[in-house]
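Undergrad: Dumping the structure here so I can ask a few things about it.
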Amino acid sequence: MARSNLTARLKTLVAVLTLALFLAPSAARAEFGTTNFQLLQGWSFKKDANDPNSTSDEKLTTVTVNHFHTWAYGDNFFFADFARGKFGASTEVGSGVYAEWHPRLFLNRVFGLGSGSIIRNWGLAGEVNQSGGFYAYLGGAGLDLAIPGFQVAGLNLFYRYDNFALHTWQVSPYWDIPFSLGPVKLVFNGFADFTTNRNGDLDIMTQPELLIDVGAFAGAPGKLHAGVELYLHRFTDFLGKGQTVVAPQLMVQWTPFTQFVP
């Protein structure tokens, strides 16, 4: 009964976030928005691992679409991965799609409260994850942090329900750090998801990126980046064996759309 009530509350939270976005068109007008497209070629995706990206030849090609925008009372982040590889033990090339949506509603903005020196925004956070054979629904709290040197920093704390782990939790920090080495402009960004499986074993997923602003050399900063992404997944498989997938990926990112609305 308790789990049933918790699931119902999670659905209510997602509904509130959705209504806040779509039923308040004037407030929901984007203040800042950006969309980018990524092409990644990865190696060392572990064979025979219970990881969704395991491939028989350990190679994976992914096209990712990212979108982020802020509005008067929160923000939204969405991405979709279109992956191509020899998944599992197959020798044939197949494809798969994985997508996530992350809406947040900042209560400090809703109630007109001031922000602190470290906590820039705080409020409700939701997340929906979906792919073939997998889904996860998350709800909880989100923080935007003001940390010197960070362009973006924050933390989301979730109750999580998915079709494998069922009822668990998730902690998700994220960051974006721009810096320069002489004339070269770089950015170090990423996220980390800490959660557990149904047996309470820790599951860690992180994908940090180190990118060079190639477009800056041609007078178009922020438009074209190239560099590396590291896919790291530490988990316990269905047989109770610890597995770690560490897969480097070459990456090119094109950002054709970035908009500021005063």
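Chains: A, B, ... in order of the structure tokens. Residues: from 1 per chain. Ligands: from 1, in order shown.
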List the spatial neighbours of range 218-235 of chain A as a list in words - criterion: any atom at most 7 Å away, only C-alpha atoms, same-chain residues fewer than 3 positions off excluded.
TA: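 Answer for this query is Leu202, Asp203, Ile204, Met205, Thr206, Gln207, Pro208, Glu209, Leu210, Leu211, Ile212, Asp213, Val214, Gly215, Gly242, Gln243, Thr244, Val245, Val246, Ala247, Pro248, Gln249, Leu250, Met251, Val252, Gln253, Trp254, Thr255 and Pro256 of chain A.
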Undergrad: Name the residues in contact with range 175-180 of chain A at a cut-off of 6 Å, using only C-alpha atoms, excluding same-chain residues fewer than 6 positions from it; report them as a PyMOL selection string.
TA: chain A and resi 150-153+186-190
Undergrad: Which neighbours of Thr70 in chain A fall inside 8 Å, counting only C-alpha atoms, when residues of the same chain fewer than 4 positions from it are skipped, and could you give them as a PyMOL selection string?
TA: chain A and resi 30-33+74-76
Undergrad: Can you check which residues of range 70-234 of chain A DSSP gives as strand (DSSP E) on the backbone and send them as a ChimeraX atom specification?
TA: /A:70-71,74-85,94-106,119-131,134-145,152-162,166-181,184-196,202-206,209-213,224-234
Undergrad: When you draw a straight line from CA of Gly240 in chain A to CA of Asn50 in chain A, how long is it in Å?
TA: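 Computing it gives 11.0 Å between the two atoms.
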